[in-house]
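S.K.: Can you keep this structure in mind? I'll have questions shortly.
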Amino acid sequence: MRYSRFLSRAATPLAAVALPLALAGPSAAVAGISVSTTGTNVSVVTSACVQNNGSWGTASLLGSGRTSFAQGRQVALSGTTVSQSAAWSAVAPGTYTVMVRCSNGVSAGTQVVIVSAPATPTRAATPTPSRGVAGGLGGSTRDYGTLTLGAGAALVGSAVIAGAWFLRRRPRPHRRY
């Protein structure tokens with residue numbers, strides 16, 4: 001019971017949204033262009049052009065100060081009946097206008113695009129050692145006081161005496177022939 005009530009409540013708004021889309025059908029497709037940038041590459045996609053004499057049309061990339069289609073960097077459109085595309089590489093940072101003209105002379109659209117400078121990787125500064133690297137010097141890089149050196153010498157001396165006493169007191173094996 002609860003499930004059927006939930007479905008009837010959820011279906012009403014869904015039908016209100018889907019009905020106009022279903023009735024509009026393929027005639028609701030909007031012609032135009034879609035421009036995108038990736039780094040220093042610019043690409044344009046359209047579905048407005050039809051093939052005429054083996055050509056879909058031409059796309060033009062106009063820099064600042066350029067106003068006519070012929071002044072831009074032109075690239076032939078390639079693709080299928082569903083979508084046609086063109087691309088430019090190594091585009092300098094700046095503001096550009098992309099224009100698409102189909103092979104039958106009709107303009108598919110115009111759009112302004114901004115190409116940003118590529119982000120340069122940065123390295124974090126690493127601190128340098130203040131006194132350099134003391135490779136192979138061991139503990140002699142620090143200046144120890146007289147007390148520390150005396151205590152170390154006493155420990156080494158007592159270790160030598162204890163080792164000698166231990167070796168002297170160990171039992172000797174008895175040999176019989």
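Following the order of the structure tokens, chains are lettered A, B, ..., residues in each are numbered from 1, and ligands are numbered from 1.
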Compile a residue-level contact table for region 79-133 of chain A against region 41-64 of chain A at a cut-off of 8 Å, reporting for every qualifying residue the shortest atom pair and its distance in Å to one decimal, with only C-alpha atoms counted, rows ordered by chain and ascending number, as JSON lines.
M.R.:
```
{"residue": "A:Gly79", "atom": "CA", "partner": "A:Trp56", "partner_atom": "CA", "distance": 7.9}
{"residue": "A:Thr81", "atom": "CA", "partner": "A:Val50", "partner_atom": "CA", "distance": 6.8}
{"residue": "A:Val82", "atom": "CA", "partner": "A:Ser47", "partner_atom": "CA", "distance": 5.9}
{"residue": "A:Ser83", "atom": "CA", "partner": "A:Ser47", "partner_atom": "CA", "distance": 4.4}
{"residue": "A:Gln84", "atom": "CA", "partner": "A:Thr46", "partner_atom": "CA", "distance": 5.3}
{"residue": "A:Ser85", "atom": "CA", "partner": "A:Val45", "partner_atom": "CA", "distance": 4.4}
{"residue": "A:Ala86", "atom": "CA", "partner": "A:Val44", "partner_atom": "CA", "distance": 5.5}
{"residue": "A:Ala87", "atom": "CA", "partner": "A:Ser43", "partner_atom": "CA", "distance": 4.2}
{"residue": "A:Trp88", "atom": "CA", "partner": "A:Val42", "partner_atom": "CA", "distance": 5.2}
{"residue": "A:Ser89", "atom": "CA", "partner": "A:Asn41", "partner_atom": "CA", "distance": 4.5}
{"residue": "A:Ala90", "atom": "CA", "partner": "A:Asn41", "partner_atom": "CA", "distance": 6.1}
{"residue": "A:Val91", "atom": "CA", "partner": "A:Asn41", "partner_atom": "CA", "distance": 6.1}
{"residue": "A:Gly94", "atom": "CA", "partner": "A:Gly63", "partner_atom": "CA", "distance": 7.8}
{"residue": "A:Thr95", "atom": "CA", "partner": "A:Ser64", "partner_atom": "CA", "distance": 6.4}
{"residue": "A:Tyr96", "atom": "CA", "partner": "A:Gly63", "partner_atom": "CA", "distance": 4.8}
{"residue": "A:Thr97", "atom": "CA", "partner": "A:Leu62", "partner_atom": "CA", "distance": 5.1}
{"residue": "A:Val98", "atom": "CA", "partner": "A:Leu61", "partner_atom": "CA", "distance": 4.8}
{"residue": "A:Met99", "atom": "CA", "partner": "A:Ser60", "partner_atom": "CA", "distance": 5.2}
{"residue": "A:Val100", "atom": "CA", "partner": "A:Ala59", "partner_atom": "CA", "distance": 4.3}
{"residue": "A:Arg101", "atom": "CA", "partner": "A:Thr58", "partner_atom": "CA", "distance": 5.5}
{"residue": "A:Cys102", "atom": "CA", "partner": "A:Gly57", "partner_atom": "CA", "distance": 4.0}
{"residue": "A:Ser103", "atom": "CA", "partner": "A:Gly57", "partner_atom": "CA", "distance": 4.1}
{"residue": "A:Asn104", "atom": "CA", "partner": "A:Asn52", "partner_atom": "CA", "distance": 6.7}
{"residue": "A:Ala108", "atom": "CA", "partner": "A:Ala48", "partner_atom": "CA", "distance": 5.9}
{"residue": "A:Val115", "atom": "CA", "partner": "A:Val42", "partner_atom": "CA", "distance": 7.9}
```
S.K.: Print the selection's residues with C-alpha atoms to a file, as a PDB file, in the first residue's frame.
M.R.:
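As a result, out_11.pdb now contains:
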```pdb
ATOM      1  CA  GLY A  79      33.046  14.301 -38.347  1.00  0.00           C
ATOM      2  CA  THR A  81      26.153  13.578 -39.578  1.00  0.00           C
ATOM      3  CA  VAL A  82      25.723  13.617 -35.798  1.00  0.00           C
ATOM      4  CA  SER A  83      28.584  15.976 -34.900  1.00  0.00           C
ATOM      5  CA  GLN A  84      31.424  17.829 -36.566  1.00  0.00           C
ATOM      6  CA  SER A  85      34.551  19.146 -34.870  1.00  0.00           C
ATOM      7  CA  ALA A  86      37.752  21.115 -35.352  1.00  0.00           C
ATOM      8  CA  ALA A  87      40.760  21.752 -33.109  1.00  0.00           C
ATOM      9  CA  TRP A  88      43.717  24.112 -32.786  1.00  0.00           C
ATOM     10  CA  SER A  89      46.886  23.310 -30.850  1.00  0.00           C
ATOM     11  CA  ALA A  90      49.646  25.501 -29.387  1.00  0.00           C
ATOM     12  CA  VAL A  91      47.335  28.485 -28.922  1.00  0.00           C
ATOM     13  CA  GLY A  94      44.528  35.290 -24.568  1.00  0.00           C
ATOM     14  CA  THR A  95      40.925  35.904 -25.588  1.00  0.00           C
ATOM     15  CA  TYR A  96      39.750  34.429 -28.891  1.00  0.00           C
ATOM     16  CA  THR A  97      36.564  34.257 -30.940  1.00  0.00           C
ATOM     17  CA  VAL A  98      35.644  30.942 -32.542  1.00  0.00           C
ATOM     18  CA  MET A  99      33.421  31.107 -35.633  1.00  0.00           C
ATOM     19  CA  VAL A 100      32.004  28.116 -37.538  1.00  0.00           C
ATOM     20  CA  ARG A 101      30.744  28.431 -41.106  1.00  0.00           C
ATOM     21  CA  CYS A 102      29.062  25.427 -42.743  1.00  0.00           C
ATOM     22  CA  SER A 103      29.875  24.386 -46.319  1.00  0.00           C
ATOM     23  CA  ASN A 104      26.577  25.875 -47.552  1.00  0.00           C
ATOM     24  CA  ALA A 108      26.696  27.672 -37.244  1.00  0.00           C
ATOM     25  CA  VAL A 115      42.910  30.445 -23.149  1.00  0.00           C
TER      26      VAL A 115
END
```
S.K.: Mind listing the helix (DSSP H, G or I) residues of region 21-166 of chain A, per DSSP on the backbone, as a count of residues only?
M.R.: 36
S.K.: CA of Thr37 (chain A) and CA of Ala76 (chain A), how far apart in Å?
M.R.: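 Atom-to-atom, CA of Ala76 (chain A) and CA of Thr37 (chain A) are spaced 18.1 Å apart.
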S.K.: Taking the DSSP secondary structure from the backbone, can you list the residues of region 48-166 of chain A that are strand (DSSP E), as a JSON list (two decimals) with N, CA, C and O atoms, in the first residue's frame?
M.R.:
```
[["chain", "number", "residue", "atom", "x", "y", "z"],
["A", 57, "GLY", "N", 32.42, 22.05, -43.61],
["A", 57, "GLY", "CA", 32.54, 23.48, -43.39],
["A", 57, "GLY", "C", 33.91, 23.81, -42.82],
["A", 57, "GLY", "O", 34.82, 22.99, -42.84],
["A", 58, "THR", "N", 34.03, 25.03, -42.28],
["A", 58, "THR", "CA", 35.31, 25.51, -41.78],
["A", 58, "THR", "C", 35.09, 26.23, -40.45],
["A", 58, "THR", "O", 34.09, 26.93, -40.27],
["A", 59, "ALA", "N", 36.05, 26.08, -39.55],
["A", 59, "ALA", "CA", 36.04, 26.80, -38.28],
["A", 59, "ALA", "C", 37.23, 27.75, -38.28],
["A", 59, "ALA", "O", 38.29, 27.44, -38.83],
["A", 60, "SER", "N", 37.04, 28.92, -37.67],
["A", 60, "SER", "CA", 38.09, 29.93, -37.66],
["A", 60, "SER", "C", 38.31, 30.42, -36.23],
["A", 60, "SER", "O", 37.35, 30.68, -35.50],
["A", 61, "LEU", "N", 39.58, 30.54, -35.84],
["A", 61, "LEU", "CA", 39.97, 31.03, -34.52],
["A", 61, "LEU", "C", 40.54, 32.43, -34.70],
["A", 61, "LEU", "O", 41.61, 32.60, -35.28],
["A", 62, "LEU", "N", 39.82, 33.43, -34.21],
["A", 62, "LEU", "CA", 40.22, 34.83, -34.39],
["A", 62, "LEU", "C", 40.80, 35.37, -33.11],
["A", 62, "LEU", "O", 40.18, 35.27, -32.05],
["A", 73, "ARG", "N", 42.72, 31.72, -37.86],
["A", 73, "ARG", "CA", 43.33, 30.44, -38.19],
["A", 73, "ARG", "C", 42.22, 29.47, -38.54],
["A", 73, "ARG", "O", 41.43, 29.07, -37.68],
["A", 74, "GLN", "N", 42.15, 29.06, -39.79],
["A", 74, "GLN", "CA", 41.04, 28.25, -40.27],
["A", 74, "GLN", "C", 41.40, 26.77, -40.29],
["A", 74, "GLN", "O", 42.51, 26.40, -40.65],
["A", 75, "VAL", "N", 40.43, 25.95, -39.87],
["A", 75, "VAL", "CA", 40.57, 24.50, -39.85],
["A", 75, "VAL", "C", 39.29, 23.91, -40.41],
["A", 75, "VAL", "O", 38.19, 24.36, -40.07],
["A", 76, "ALA", "N", 39.41, 22.91, -41.29],
["A", 76, "ALA", "CA", 38.24, 22.24, -41.87],
["A", 76, "ALA", "C", 37.56, 21.39, -40.82],
["A", 76, "ALA", "O", 38.22, 20.74, -40.00],
["A", 78, "SER", "N", 35.61, 18.16, -39.43],
["A", 78, "SER", "CA", 35.56, 16.74, -39.74],
["A", 78, "SER", "C", 34.56, 16.09, -38.80],
["A", 78, "SER", "O", 34.30, 16.60, -37.72],
["A", 79, "GLY", "N", 33.99, 14.98, -39.22],
["A", 79, "GLY", "CA", 33.05, 14.30, -38.35],
["A", 79, "GLY", "C", 32.03, 13.48, -39.10],
["A", 79, "GLY", "O", 32.29, 12.99, -40.19],
["A", 84, "GLN", "N", 30.23, 17.44, -35.83],
["A", 84, "GLN", "CA", 31.42, 17.83, -36.57],
["A", 84, "GLN", "C", 32.32, 18.59, -35.59],
["A", 84, "GLN", "O", 31.83, 19.25, -34.69],
["A", 85, "SER", "N", 33.64, 18.50, -35.81],
["A", 85, "SER", "CA", 34.55, 19.15, -34.87],
["A", 85, "SER", "C", 35.79, 19.66, -35.58],
["A", 85, "SER", "O", 36.11, 19.23, -36.69],
["A", 86, "ALA", "N", 36.47, 20.58, -34.90],
["A", 86, "ALA", "CA", 37.75, 21.12, -35.35],
["A", 86, "ALA", "C", 38.57, 21.44, -34.11],
["A", 86, "ALA", "O", 38.01, 21.66, -33.03],
["A", 87, "ALA", "N", 39.90, 21.49, -34.26],
["A", 87, "ALA", "CA", 40.76, 21.75, -33.11],
["A", 87, "ALA", "C", 41.99, 22.54, -33.54],
["A", 87, "ALA", "O", 42.46, 22.41, -34.67],
["A", 88, "TRP", "N", 42.48, 23.35, -32.61],
["A", 88, "TRP", "CA", 43.72, 24.11, -32.79],
["A", 88, "TRP", "C", 44.63, 23.75, -31.63],
["A", 88, "TRP", "O", 44.20, 23.66, -30.49],
["A", 94, "GLY", "N", 45.23, 34.07, -24.16],
["A", 94, "GLY", "CA", 44.53, 35.29, -24.57],
["A", 94, "GLY", "C", 43.05, 35.02, -24.77],
["A", 94, "GLY", "O", 42.54, 33.93, -24.50],
["A", 95, "THR", "N", 42.35, 36.00, -25.31],
["A", 95, "THR", "CA", 40.93, 35.90, -25.59],
["A", 95, "THR", "C", 40.74, 35.73, -27.09],
["A", 95, "THR", "O", 41.30, 36.50, -27.88],
["A", 96, "TYR", "N", 39.96, 34.75, -27.49],
["A", 96, "TYR", "CA", 39.75, 34.43, -28.89],
["A", 96, "TYR", "C", 38.26, 34.32, -29.18],
["A", 96, "TYR", "O", 37.45, 34.05, -28.30],
["A", 97, "THR", "N", 37.92, 34.48, -30.46],
["A", 97, "THR", "CA", 36.56, 34.26, -30.94],
["A", 97, "THR", "C", 36.60, 33.08, -31.90],
["A", 97, "THR", "O", 37.42, 33.06, -32.82],
["A", 98, "VAL", "N", 35.74, 32.11, -31.68],
["A", 98, "VAL", "CA", 35.64, 30.94, -32.54],
["A", 98, "VAL", "C", 34.38, 31.09, -33.39],
["A", 98, "VAL", "O", 33.29, 31.30, -32.85],
["A", 99, "MET", "N", 34.55, 31.01, -34.71],
["A", 99, "MET", "CA", 33.42, 31.11, -35.63],
["A", 99, "MET", "C", 33.38, 29.83, -36.46],
["A", 99, "MET", "O", 34.43, 29.33, -36.88],
["A", 100, "VAL", "N", 32.17, 29.31, -36.72],
["A", 100, "VAL", "CA", 32.00, 28.12, -37.54],
["A", 100, "VAL", "C", 31.08, 28.47, -38.69],
["A", 100, "VAL", "O", 29.97, 28.99, -38.48],
["A", 101, "ARG", "N", 31.54, 28.19, -39.90],
["A", 101, "ARG", "CA", 30.74, 28.43, -41.11],
["A", 101, "ARG", "C", 30.59, 27.10, -41.82],
["A", 101, "ARG", "O", 31.59, 26.45, -42.17],
["A", 102, "CYS", "N", 29.35, 26.69, -42.06],
["A", 102, "CYS", "CA", 29.06, 25.43, -42.74],
["A", 102, "CYS", "C", 29.41, 25.56, -44.23],
["A", 102, "CYS", "O", 29.59, 26.66, -44.75],
["A", 107, "SER", "N", 26.24, 30.38, -41.10],
["A", 107, "SER", "CA", 27.02, 30.42, -39.87],
["A", 107, "SER", "C", 26.38, 29.50, -38.83],
["A", 107, "SER", "O", 25.19, 29.60, -38.54],
["A", 108, "ALA", "N", 27.19, 28.59, -38.27],
["A", 108, "ALA", "CA", 26.70, 27.67, -37.24],
["A", 108, "ALA", "C", 26.73, 28.33, -35.87],
["A", 108, "ALA", "O", 26.00, 27.94, -34.98],
["A", 109, "GLY", "N", 27.59, 29.34, -35.69],
["A", 109, "GLY", "CA", 27.64, 30.03, -34.40],
["A", 109, "GLY", "C", 28.97, 30.69, -34.17],
["A", 109, "GLY", "O", 29.95, 30.47, -34.89],
["A", 110, "THR", "N", 29.00, 31.53, -33.15],
["A", 110, "THR", "CA", 30.18, 32.26, -32.74],
["A", 110, "THR", "C", 30.26, 32.22, -31.22],
["A", 110, "THR", "O", 29.23, 32.39, -30.56],
["A", 111, "GLN", "N", 31.45, 32.03, -30.69],
["A", 111, "GLN", "CA", 31.60, 31.99, -29.24],
["A", 111, "GLN", "C", 32.98, 32.50, -28.86],
["A", 111, "GLN", "O", 33.96, 32.26, -29.55],
["A", 112, "VAL", "N", 33.05, 33.23, -27.74],
["A", 112, "VAL", "CA", 34.30, 33.76, -27.23],
["A", 112, "VAL", "C", 34.86, 32.78, -26.21],
["A", 112, "VAL", "O", 34.12, 32.22, -25.39],
["A", 113, "VAL", "N", 36.19, 32.58, -26.26],
["A", 113, "VAL", "CA", 36.84, 31.64, -25.35],
["A", 113, "VAL", "C", 38.12, 32.28, -24.83],
["A", 113, "VAL", "O", 38.76, 33.06, -25.53],
["A", 114, "ILE", "N", 38.48, 31.97, -23.60],
["A", 114, "ILE", "CA", 39.70, 32.49, -22.98],
["A", 114, "ILE", "C", 40.66, 31.32, -22.77],
["A", 114, "ILE", "O", 40.31, 30.33, -22.13],
["A", 115, "VAL", "N", 41.86, 31.46, -23.33],
["A", 115, "VAL", "CA", 42.91, 30.44, -23.15],
["A", 115, "VAL", "C", 43.84, 30.95, -22.07],
["A", 115, "VAL", "O", 44.42, 32.04, -22.18]]
```
S.K.: May I ask for the distance between CA of Ser36 (chain A) and CA of Val106 (chain A), given in Å to one decimal place?
M.R.: 21.9 Å
